[in-house]
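S.K.: The structure is given below, and queries will be raised subsequently.
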Amino acid sequence: MNIKKVYRELFRIRRVEEEIARIYPSDKIKSPVHLSIGQEAVSVAVCEALVPGDIVFGTYRSHALYLAKGGDLRAMFAEMYGKVTGCARGKGGSMHLVDIPAGFMGTSAVVGTTIANAVGYAYGLKLQSKPHIVASFFGDGAVDEGAFYESLNFAHLKQVPLIFICENNGYAIHTPQSARQRDVNLCDRVGAYGIPATRIESGDVFEIHRHVQEAADALRSGQPGPFFFECLTYRWKEHVGPNDDFDAGYRSREEAQAWMANDQVRLAGEKLSDPERMEVEQNVEAEIAAAIAFAENSSFPGASELTTDVYEESEQDGPDDFVWRGDTGGHGSGDGRGPIRDAIWSGC
Amino acid sequence: MNIKKVYRELFRIRRVEEEIARIYPSDKIKSPVHLSIGQEAVSVAVCEALVPGDIVFGTYRSHALYLAKGGDLRAMFAEMYGKVTGCARGKGGSMHLVDIPAGFMGTSAVVGTTIANAVGYAYGLKLQSKPHIVASFFGDGAVDEGAFYESLNFAHLKQVPLIFICENNGYAIHTPQSARQRDVNLCDRVGAYGIPATRIESGDVFEIHRHVQEAADALRSGQPGPFFFECLTYRWKEHVGPNDDFDAGYRSREEAQAWMANDQVRLAGEKLSDPERMEVEQNVEAEIAAAIAFAENSSFPGASELTTDVYEESEQDGPDDFVWRGDTGGHGSGDGRGPIRDAIWSGC
Amino acid sequence: MGADPSVMLFGLDVDDHKAIIGTTRGLVEKYGRERVFGTPLSEDAMTGVAIGAALSGIRPIHVHIRMDFLMLAMNQLVNVAAKSRYMFGGQESLPMVVRAMIGKSWGQGAQHSQSLYSFFMHVPGLKVVAPTTPYDAKGCLISAIRDNDPVMYVEHRLLHYQKGPVPTEPFTVPAGKARITNAGDDVTLVGISYMQVECLRASKYLLETGISAEVIDPIWLNPLDIDTIAESVRKTGRLLVVDNDWLSCGAGAEIITQVLEQVPDRHIQVGRMGFAQCTCPPAPSLEELFYPNARTVAARAFDLVRDNAVTWIPEERADLQEVEFKGPF
Amino acid sequence: MGADPSVMLFGLDVDDHKAIIGTTRGLVEKYGRERVFGTPLSEDAMTGVAIGAALSGIRPIHVHIRMDFLMLAMNQLVNVAAKSRYMFGGQESLPMVVRAMIGKSWGQGAQHSQSLYSFFMHVPGLKVVAPTTPYDAKGCLISAIRDNDPVMYVEHRLLHYQKGPVPTEPFTVPAGKARITNAGDDVTLVGISYMQVECLRASKYLLETGISAEVIDPIWLNPLDIDTIAESVRKTGRLLVVDNDWLSCGAGAEIITQVLEQVPDRHIQVGRMGFAQCTCPPAPSLEELFYPNARTVAARAFDLVRDNAVTWIPEERADLQEVEFKGPF
Ligand SMILES: Cc1ncc(C[n+]2csc(CCOP(=O)(O)OP(=O)(O)O)c2C)c(N)n1
Ligand SMILES: Cc1ncc(C[n+]2csc(CCOP(=O)(O)OP(=O)(O)O)c2C)c(N)n1
Ligand SMILES: [Mg+2]
Ligand SMILES: [Mg+2]
């Protein structure tokens with residue numbers, strides 16, 4: 001990995017989210033925000049192992065992933081502001097960023113839902129012989145959900161080109177993992193499916209990257225998927241919203257301190273010379289300022305936008321002049337004309 | 001285990017189902033039947049380890065379990081016939097047998113659903129300090145469902161007094177386990193939760209009983225639950241209905257032969273002297289004949305039964321003369337009267 | 001599937017010897033195990049897989065032998081499939097078809113007898129179709145497959161044996177067009193799915209009393225061709241919707257309400273029939289009462305026309321008898 | 001819970017410091033971790049657990065911070081909870097309460113903004129209640145807890161701050177009784193959940209035009225007190241149902257249809273309002289249009305009364321303004 005690029009990615013995500021937190025009290029962002037501050041390294045490490053055309057699926061906490069995968073920053077801020085220039089035209093919001101050209105496929109605010117979608121996408125790639133791979137991101141809360149296990153099973157059954165990434169920040173909202181799972185060893189659970197499962201405890205961007213790069217290379221060389229990684233990490237802010245919550249009682253500041261000391265953004269920055277770092281930082285700050293200005297100056301979607309994009313807008317099909325001549329008792333009156341089950345068959 | 005009792009249970013189940021298969025073409029049983037012929041040993045072995053007050057939950061394929069747990073045979077036949085004397089007054093059918101006094105708590109035609117119900121029941125027993133245990137029966141198809149894993153996790157988290165029994169007959173309808181799970185080792189999967197998991201391959205009624213009895217004793221002595229057993233077994237008849245289906249192509253008669261040679265009903269019978277066996281058999285035949293006659297002679301539920309038992313029939317509550325004086329803008333107008341969230345709190 | 005290599009068909013039991021009442025017979029051999037496959041019992045994730053595959057460029061057809069099982073897939077259907085186009089700001093399509101079977105219970109009871117398509121009519125972003133003739137079954141299925149939005153394709157098990165003319169070449173039946181299946185003047189009968197057959201039979205019974213019923217098959221429940229229904233009601237002044245489902249918050253309530261919204265200037269007599277307000281009972285004596293049938297439909301229509309002044313129920317006629325149906329299946 | 005040791009309360013986050021907007025504050029300390037507990041994220045199995053616990057003699061209250069998540073629990077709710085008493089031939093009761101929150105989106109968008117209670121109104125065997133005052137919130141909750149059938153208890157997030165008189169002692173509000181919250185003669189407004197507040201405001205706006213609206217809070221959606229509503233409509237001849245949900249196959253269609261069934265002899269003008277026919281948009285400009293409000297309700301009621309002859313929409317009045325609501329939460 002190029003250290004300068006890694007630092008740029010990490011720093012950029014951090015600063016974008018700090019700006020979101022700064023703007024938030026102004027009430028210009030009327031949408032719940034789930035910040036990734038403290039968790040940037042996982043997204044950056046994984047996306048560095050991906051290439052254009054590869055696909056990621058994430059969660060409502062996906063600002064970091066969106067940016068790491070190359071999502072458009074201006075469209076992101078505009079989406080947070082609810083503007084028509086947003087990445088989803090103001091119809092997604094902070095929890096539903098999307099950037100199709102960048103391969104950032106979609107997120108869900110219902111925990112666990114995109115895991116199966118990612119598996120289906122990977123199956124589709126395989127079926128269409130497309131040479132790409134998929135990464136599926138989710139939290140430690142998602143692994144409580146049954147759909148996760150159904151997805152593991154199917155992904156392994158069909159050997160899809162996919163990497164599961166569990167961002168384990170230790171909490172689902174305010175509930176620690178230990179209150180939801182007894183004696184948990186997630187990699188054991190996943191490994192029992194026959195899926196290679198690795199736990200990465202360091203939070204180190206380079207270590208995560210090394211592991212994921214290996215898995216990505218294996219998939220690209222045609223080895224059967226999927227792979228699974230549990231990446232320990234830590235959320236610095238409250239579950240939703242811009243504030244700290246160490247006074248809430250469900251976790252201690254001490255617990256956070258080790259993670260803060262291990263801050264990947266700072267550590268990566270320290271690997272650069274001062275001028276190099278400052279160049280990165282200045283560019284990022286300028287980009288962010290421009291993106292915020294873009295969002296501020298964009299318009300809200302107009303009233304006509306409300307009910308578009310529910311269905312594809314299509315031309316009305318032509319008329320159809322079939323007349324059923326009321327074969328009401330006709331289940332046995334076949335004159336060689338097919339019964340419905342054959343009609344369905346021939347429709348397939 | 002008392003061999004005579006075991007034989008009686010096994011033989012009785014076998015003969016009841018053979019009678020069902022015999023009657024079926026007469027169209028008197030207007031309900032899909034999922035026969036357990038070949039699988040009797042699992043239910044008998046497990047229920048021999050249970051005591052009155054213990055509870056079982058099963059599936060649509062639960063004739064064997066119903067009988068083994070002490071369900072009323074006459075009410076069972078009547079239920080199959082759709083008569084008002086049936087164990088569910090003709091409102092359950094073959095797939096939904098129930099016998100509350102016997103502790104046969106209910107079944108479901110939707111695969112996997114009663115697993116969580118069994119866990120909840122076991123939690124309820126614990127909460128009420130009742131000294132009983134629960135056995136949850138399901139097939140190898142059910143372990144594809146996410147709810148199974150959610151149930152494992154919660155059962156282990158709360159250490160409920162419960163025994164999971166997977167009756168693995170190798171197929172979900174016509175799909176073999178290997179087409180649904182790759183490299184499967186179910187006990188590994190369950191073991192990864194920290195739940196003691198044992199696979200019993202022999203189909204032997206005594207071996208299954210020994211294992212389950214040990215687990216039941218452990219639970220009764222206050223050891224934390226749950227326990228898990230995978231019991232290999234084999235369905236001799238088609239998935240649903242009274243016929244053989246070895247000509248259908250999805251499985252071979254050869255595969256069945258080993259299981260048929262290992263027929264637990266016959267083998268248990270051989271352990272008895274001829275007169276002992278004949279006594280058992282004659283009693284069972286008489287009981288079955290009487291039960292069928294009972295079903296035949298019972299009435300169908302009358303029209304008034306149609307819409308009863310949807311809700312509890314209760315007396316109309318008295319009137320309530322509270323008048324809301326239209327506090328329409330009143331979110332802030334508190335005069336010390338509680339907001340709704342406090343009202344909900346005080347309702348709890 | 002022959003015309004479009006991106007079509008994939010999957011679901012429990014699509015690849016076994018029963019082949020979903022024959023509707024998927026031979027497809028594995030023809031299109032291969034990658035495009036046609038049975039699945040684990042994982043309705044939730046498999047629906048998620050369909051959605052993901054659709055996003056990747058595939059047109060999945062996901063088959064369920066009973067609608068009841070879709071209760072396990074509601075999260076993906078309601079929270080994801082229905083909303084993806086909107087949440088993505090219109091940038092992505094989600095072409096997928098969910099084939100779900102409903103039926104008349106034959107002793108199957110509580111959990112294998114539900115219709116529940118009103119759930120999908122409720123949520124914007126899903127389309128719902130319930131064809132009743134072989135012609136529409138084929139044409140609507142091809143429409144659904146070509147549609148770029150998720151379509152719930154509701155098949156009534158009893159109708160699988162219904163015969164009728166079907167072109168052999170591919171053709172589509174457009175979304176949102178109802179059919180008048182019998183012209184009449186005195187009362188409008190809207191019969192949904194299998195109840196269309198009962199309504200047509202009822203219209204023949206009604207002829208005995210001199211009442212001429214206009215029978216309409218909506219075919220598509222969403223988009224719903226309310227214009228055709230409203231126009232008929234404007235003429236007859238009376239509307240009876242016969243559904244294959246419970247009444248409360250069902251398709252009947254929706255159709256009645258939409259007609260009233262379209263025809264505010266006329267006093268219309270309305271009625272609806274459907275499942276009895278209870279869980280489906282397996283006992284034959286109760287099951288008989290659970291469903292509307294041609295005779296009870298005729299009787300109710302008669303009431304509407306004659307303002308409940310007299311009651312009448314036709315004698316059963318052999319030539320209009322119910323189809324034989326016998327399990328297990 | 002104090003009165004009955006068999007009551008158990010559980011669900012995601014019931015035991016954290018936010019305590020479900022304070023509604024579960026201190027209950028762990030008071031009743032212990034066995035009776036009050038947070039859960040893993042496993043909506044499907046946890047609903048199954050509630051059912052099993054209920055069968056064992058417990059009265060579970062299962063709390064969900066958003067109705068949307070119940071899509072993961074539909075199988076247990078629709079296929080098991082609703083049907084158990086019937087399938088058991090009446091031998092067992094299933095006393096359980098599902099507290100599910102709905103809300104007004106505030107930028108939450110597609111998946112955190114749905115109401116969907118019409119699904120539960122559709123299926124026999126479930127009861128549904130959506131109280132709007134503190135008095136009813138408490139009385140209905142106690143009714144629901146004491147009820148021996150599964151009750152879906154729908155709480156609107158905005159209403160949690162609504163104040164009003166509440167007896168401190170336990171009391172019940174009986175199932176199936178609506179309340180007339182404002183007497184009037186010209187039009188009947190039925191406002192469901194939060195829309196009750198908007199209807200009351202609308203009735204004040206309407207006074208400016210001399211129109212007197214009778215406002216009804218159904219409170220219970222199932223059993224539904226159709227008599228009270230029908231009686232009002234018999235008087236006013238006009239019915240506008242304002243729902244907190246999508247229209248298609250919704251509570252509005254059901255109420256309108258039932259009223260017509262009860263009042264066949266009179267030509268009634270009907271209307272319904274609710275969510276726009278689209279996924280909930282987070283952009284404030286669109287969200288504003290997505291929901292009915294007092295002014296649009298008043299305008300629609302005015303149209304009904306004046307036969308669409310003239311249109312009118314009131315000026316916004318500060319004294320009838322919308323409550324402030326601001327996330328995150
Ligand atoms: C199915 C579902 N249940 C509950 C919620 C409420 N909820 C929102 S976020 C969250 C915690 C998820 O934790 P985790 O997966 O670890 O992700 P994190 O927030 O830690 O990134 C919960 C329970 C939800 N959104 N979806
Ligand atoms: C959720 C669900 N999906 C699909 C079905 C259709 N189905 C009925 S039985 C069955 C097979 C279940 O296999 P298993 O659990 O092994 O039980 P067995 O029939 O072998 O006893 C299936 C798929 C169902 N009833 N429920
Ligand atoms: Mg987490
Ligand atoms: Mg099996």
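We label chains A, B, ... in the order they appear in the structure tokens, count residues from 1 in each chain, and number ligands from 1 in the order shown.
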If you count only C-alpha atoms, which residues fall within 8 Å of C:Ser56, apart from same-chain ones fewer than 6 positions away, as an MDAnalysis selection string?

M.R.: chainID A and resid 121:122 124:125

S.K.: In Å, how much C-alpha RMSD is there between chain A and chain B after the fit, with all atoms paired in order?

M.R.: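 So the superposition leaves a C-alpha RMSD of 0.0 Å.
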
S.K.: Residues up to 6 Å from ligand 1, counting only C-alpha atoms and all ligand atoms: could you list those as a list of chain:residue names?

M.R.: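 Listed by chain and ascending number, the contacts are A:Arg61, A:Ala109, A:Val110, A:Val111, A:Phe138, A:Gly139, A:Asp140, A:Gly141, A:Ala142, A:Asn169, A:Tyr171, A:Ala172, A:Ile173, D:Leu41, D:Phe69.
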
S.K.: For chain C, report every residue with an atom at most 9 Å from chain B (counting only C-alpha atoms), formatted as a ChimeraX atom specification.

M.R.: /C:12-13,15-18,38-45,68-69,105-112,276-287,289-290,326-329

S.K.: Compute the chain C side of the contact with chain D at 9 Å, counting only C-alpha atoms, and hand it back as a PyMOL selection string.

M.R.: chain C and resi 44+68-80+82-84+86-87+109-111+116+118-119+121-125+246-258+260-261+264-272+277-281

S.K.: Taking only C-alpha atoms into account, find every residue of chain B that has an atom no more than 6 Å from chain A, and write it out as an NGL selection string.

M.R.: :B and (146-147 or 149-150 or 157 or 181-182 or 188-189 or 192)

S.K.: Please provide the set of residues having any atom within 9 Å of A:Pro52, restricted to only C-alpha atoms, with same-chain residues fewer than 6 positions apart removed, written as a list in words.

M.R.: Lys69, Pro101, Ala102, Gly103 and His132 of chain A

S.K.: I want to know what sits within 12 Å of A:Phe11, based on only C-alpha atoms, with residues of the same chain fewer than 4 positions away left out; could you give that as a count of residues only?

M.R.: 36

S.K.: For atom CA of A:Ile55 and atom CA of A:Val98, determine how far apart the two atoms are, in Å to one decimal place.

M.R.: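 Separating atom CA of A:Ile55 from atom CA of A:Val98 is a distance of 11.4 Å.
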
S.K.: So which one's closest to B:Phe104, B:Asp72, B:Asp274, B:Glu207, B:Glu167? Using only C-alpha atoms, please.

M.R.: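 Using only C-alpha atoms, the shortest distance to B:Phe104 belongs to B:Asp72.
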
S.K.: When DSSP is applied to the backbone of this structure, which of stretch 134-174 of chain C are assigned strand (DSSP E)? Write them out as an NGL selection string.

M.R.: :C and (151-156)

S.K.: In Å, rounded to a single decimal, give me how far atom CA of C:Leu224 is from atom CA of D:Lys104.

M.R.: 28.2 Å

S.K.: Write out as a list in words the residues lying within 10 Å of D:Val242, counting only C-alpha atoms and excluding same-chain residues fewer than 6 positions away.

M.R.: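 Here the answer would be Leu189, Val190, Gly191, Ile192, Ser193, Tyr194, Met195, Gln196, Glu198, Cys199, Ala251, Gly252, Gly271, Arg272, Met273, Gly274, Phe275, Pro292, Asn293 and Val297 of chain D.
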
S.K.: Any chance you can output those residues with N, CA and C atoms as a tab-separated table (two decimals), in the first residue's frame?

M.R.:
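Saved as again35.tsv:
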```tsv
chain	number	residue	atom	x	y	z
D	189	LEU	N	-64.36	13.02	10.82
D	189	LEU	CA	-62.92	12.81	10.63
D	189	LEU	C	-62.47	11.68	11.55
D	190	VAL	N	-61.92	10.64	10.96
D	190	VAL	CA	-61.34	9.57	11.77
D	190	VAL	C	-59.84	9.70	11.66
D	191	GLY	N	-59.19	9.96	12.78
D	191	GLY	CA	-57.73	10.15	12.76
D	191	GLY	C	-57.05	9.03	13.52
D	192	ILE	N	-56.16	8.35	12.86
D	192	ILE	CA	-55.51	7.19	13.47
D	192	ILE	C	-54.14	7.56	14.01
D	193	SER	N	-53.87	7.15	15.22
D	193	SER	CA	-52.59	7.40	15.88
D	193	SER	C	-52.29	8.91	15.82
D	194	TYR	N	-51.09	9.27	15.42
D	194	TYR	CA	-50.73	10.68	15.44
D	194	TYR	C	-51.67	11.55	14.62
D	195	MET	N	-52.30	10.98	13.61
D	195	MET	CA	-53.18	11.77	12.76
D	195	MET	C	-54.43	12.24	13.50
D	196	GLN	N	-54.69	11.63	14.65
D	196	GLN	CA	-55.75	12.11	15.52
D	196	GLN	C	-55.46	13.56	15.93
D	198	GLU	N	-53.65	15.72	14.29
D	198	GLU	CA	-53.82	16.57	13.12
D	198	GLU	C	-55.31	16.78	12.81
D	199	CYS	N	-56.11	15.77	13.04
D	199	CYS	CA	-57.55	15.92	12.79
D	199	CYS	C	-58.17	16.91	13.78
D	251	ALA	N	-55.91	0.91	6.70
D	251	ALA	CA	-57.00	1.04	7.66
D	251	ALA	C	-58.10	1.94	7.12
D	252	GLY	N	-57.74	2.93	6.32
D	252	GLY	CA	-58.74	3.84	5.77
D	252	GLY	C	-59.72	3.12	4.86
D	271	GLY	N	-63.55	9.90	1.79
D	271	GLY	CA	-62.20	10.28	1.39
D	271	GLY	C	-61.21	9.66	2.37
D	272	ARG	N	-59.99	9.56	1.94
D	272	ARG	CA	-58.96	9.06	2.85
D	272	ARG	C	-57.65	9.78	2.54
D	273	MET	N	-56.88	9.93	3.56
D	273	MET	CA	-55.56	10.54	3.42
D	273	MET	C	-54.56	9.68	4.20
D	274	GLY	N	-53.32	9.81	3.81
D	274	GLY	CA	-52.28	9.05	4.49
D	274	GLY	C	-50.94	9.38	3.85
D	275	PHE	N	-50.02	8.47	3.95
D	275	PHE	CA	-48.72	8.69	3.32
D	275	PHE	C	-48.90	8.84	1.80
D	292	PRO	N	-49.88	13.85	5.62
D	292	PRO	CA	-50.98	14.80	5.79
D	292	PRO	C	-50.68	15.69	6.99
D	293	ASN	N	-51.25	16.87	7.02
D	293	ASN	CA	-51.15	17.69	8.22
D	293	ASN	C	-52.48	18.41	8.42
D	297	VAL	N	-55.55	18.32	5.83
D	297	VAL	CA	-56.75	17.58	6.26
D	297	VAL	C	-57.96	18.50	6.21
```

S.K.: Skipping near chain neighbours, those fewer than 2 positions away, what residues fall within 7 Å of C:Gly237 using only C-alpha atoms, listed as a PyMOL selection string?

M.R.: chain C and resi 187+233-235+239+268-269

S.K.: Emit the selected residues as a PDB file, in the first residue's frame, including all heavy atoms.

M.R.:
```
ATOM      1  N   VAL C 187     -75.144  -5.799 -11.921  1.00  0.00           N
ATOM      2  CA  VAL C 187     -74.228  -5.806 -10.788  1.00  0.00           C
ATOM      3  C   VAL C 187     -72.833  -6.114 -11.341  1.00  0.00           C
ATOM      4  O   VAL C 187     -72.703  -6.869 -12.313  1.00  0.00           O
ATOM      5  CB  VAL C 187     -74.658  -6.854  -9.728  1.00  0.00           C
ATOM      6  CG1 VAL C 187     -74.751  -8.250 -10.318  1.00  0.00           C
ATOM      7  CG2 VAL C 187     -73.725  -6.863  -8.520  1.00  0.00           C
ATOM      8  N   VAL C 233     -69.161  -0.107 -12.711  1.00  0.00           N
ATOM      9  CA  VAL C 233     -70.012   0.191 -11.559  1.00  0.00           C
ATOM     10  C   VAL C 233     -70.880   1.418 -11.832  1.00  0.00           C
ATOM     11  O   VAL C 233     -72.025   1.498 -11.386  1.00  0.00           O
ATOM     12  CB  VAL C 233     -69.155   0.394 -10.288  1.00  0.00           C
ATOM     13  CG1 VAL C 233     -70.036   0.791  -9.108  1.00  0.00           C
ATOM     14  CG2 VAL C 233     -68.367  -0.866  -9.961  1.00  0.00           C
ATOM     15  N   ARG C 234     -70.332   2.345 -12.562  1.00  0.00           N
ATOM     16  CA  ARG C 234     -71.121   3.520 -12.949  1.00  0.00           C
ATOM     17  C   ARG C 234     -72.392   3.066 -13.678  1.00  0.00           C
ATOM     18  O   ARG C 234     -73.458   3.646 -13.531  1.00  0.00           O
ATOM     19  CB  ARG C 234     -70.276   4.398 -13.874  1.00  0.00           C
ATOM     20  CG  ARG C 234     -70.547   5.870 -13.755  1.00  0.00           C
ATOM     21  CD  ARG C 234     -69.705   6.633 -14.763  1.00  0.00           C
ATOM     22  NE  ARG C 234     -68.320   6.842 -14.339  1.00  0.00           N
ATOM     23  CZ  ARG C 234     -67.935   7.800 -13.495  1.00  0.00           C
ATOM     24  NH1 ARG C 234     -68.827   8.633 -12.997  1.00  0.00           N
ATOM     25  NH2 ARG C 234     -66.673   7.923 -13.164  1.00  0.00           N
ATOM     26  N   LYS C 235     -72.232   2.010 -14.454  1.00  0.00           N
ATOM     27  CA  LYS C 235     -73.357   1.453 -15.208  1.00  0.00           C
ATOM     28  C   LYS C 235     -74.301   0.639 -14.316  1.00  0.00           C
ATOM     29  O   LYS C 235     -75.514   0.837 -14.341  1.00  0.00           O
ATOM     30  CB  LYS C 235     -72.783   0.557 -16.314  1.00  0.00           C
ATOM     31  CG  LYS C 235     -73.804  -0.195 -17.145  1.00  0.00           C
ATOM     32  CD  LYS C 235     -73.138  -0.947 -18.314  1.00  0.00           C
ATOM     33  CE  LYS C 235     -72.256  -2.095 -17.792  1.00  0.00           C
ATOM     34  NZ  LYS C 235     -71.618  -2.865 -18.877  1.00  0.00           N
ATOM     35  N   LEU C 239     -71.572  -3.140  -6.700  1.00  0.00           N
ATOM     36  CA  LEU C 239     -70.236  -3.728  -6.780  1.00  0.00           C
ATOM     37  C   LEU C 239     -70.065  -4.790  -5.715  1.00  0.00           C
ATOM     38  O   LEU C 239     -70.245  -4.534  -4.526  1.00  0.00           O
ATOM     39  CB  LEU C 239     -69.187  -2.628  -6.571  1.00  0.00           C
ATOM     40  CG  LEU C 239     -67.733  -3.090  -6.382  1.00  0.00           C
ATOM     41  CD1 LEU C 239     -67.216  -3.805  -7.627  1.00  0.00           C
ATOM     42  CD2 LEU C 239     -66.840  -1.890  -6.066  1.00  0.00           C
ATOM     43  N   ILE C 268     -73.835   3.991  -4.521  1.00  0.00           N
ATOM     44  CA  ILE C 268     -73.498   2.651  -4.994  1.00  0.00           C
ATOM     45  C   ILE C 268     -73.673   1.640  -3.877  1.00  0.00           C
ATOM     46  O   ILE C 268     -73.271   1.891  -2.738  1.00  0.00           O
ATOM     47  CB  ILE C 268     -72.042   2.651  -5.512  1.00  0.00           C
ATOM     48  CG1 ILE C 268     -71.966   3.518  -6.766  1.00  0.00           C
ATOM     49  CG2 ILE C 268     -71.567   1.238  -5.798  1.00  0.00           C
ATOM     50  CD1 ILE C 268     -70.578   3.986  -7.077  1.00  0.00           C
ATOM     51  N   GLN C 269     -74.264   0.523  -4.199  1.00  0.00           N
ATOM     52  CA  GLN C 269     -74.347  -0.577  -3.233  1.00  0.00           C
ATOM     53  C   GLN C 269     -73.078  -1.410  -3.341  1.00  0.00           C
ATOM     54  O   GLN C 269     -72.713  -1.818  -4.439  1.00  0.00           O
ATOM     55  CB  GLN C 269     -75.555  -1.465  -3.536  1.00  0.00           C
ATOM     56  CG  GLN C 269     -76.885  -0.765  -3.412  1.00  0.00           C
ATOM     57  CD  GLN C 269     -77.150  -0.302  -1.991  1.00  0.00           C
ATOM     58  OE1 GLN C 269     -76.744  -0.957  -1.030  1.00  0.00           O
ATOM     59  NE2 GLN C 269     -77.799   0.851  -1.865  1.00  0.00           N
TER      60      GLN C 269
END
```

S.K.: Interatomic distance between atom CA of A:Ser136 and atom 1 (Mg, counted along the ligand's line) of ligand 3?

M.R.: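 Answer for the atom CA of A:Ser136 to atom 1 (Mg, counted along the ligand's line) of ligand 3 separation: 14.9 Å.
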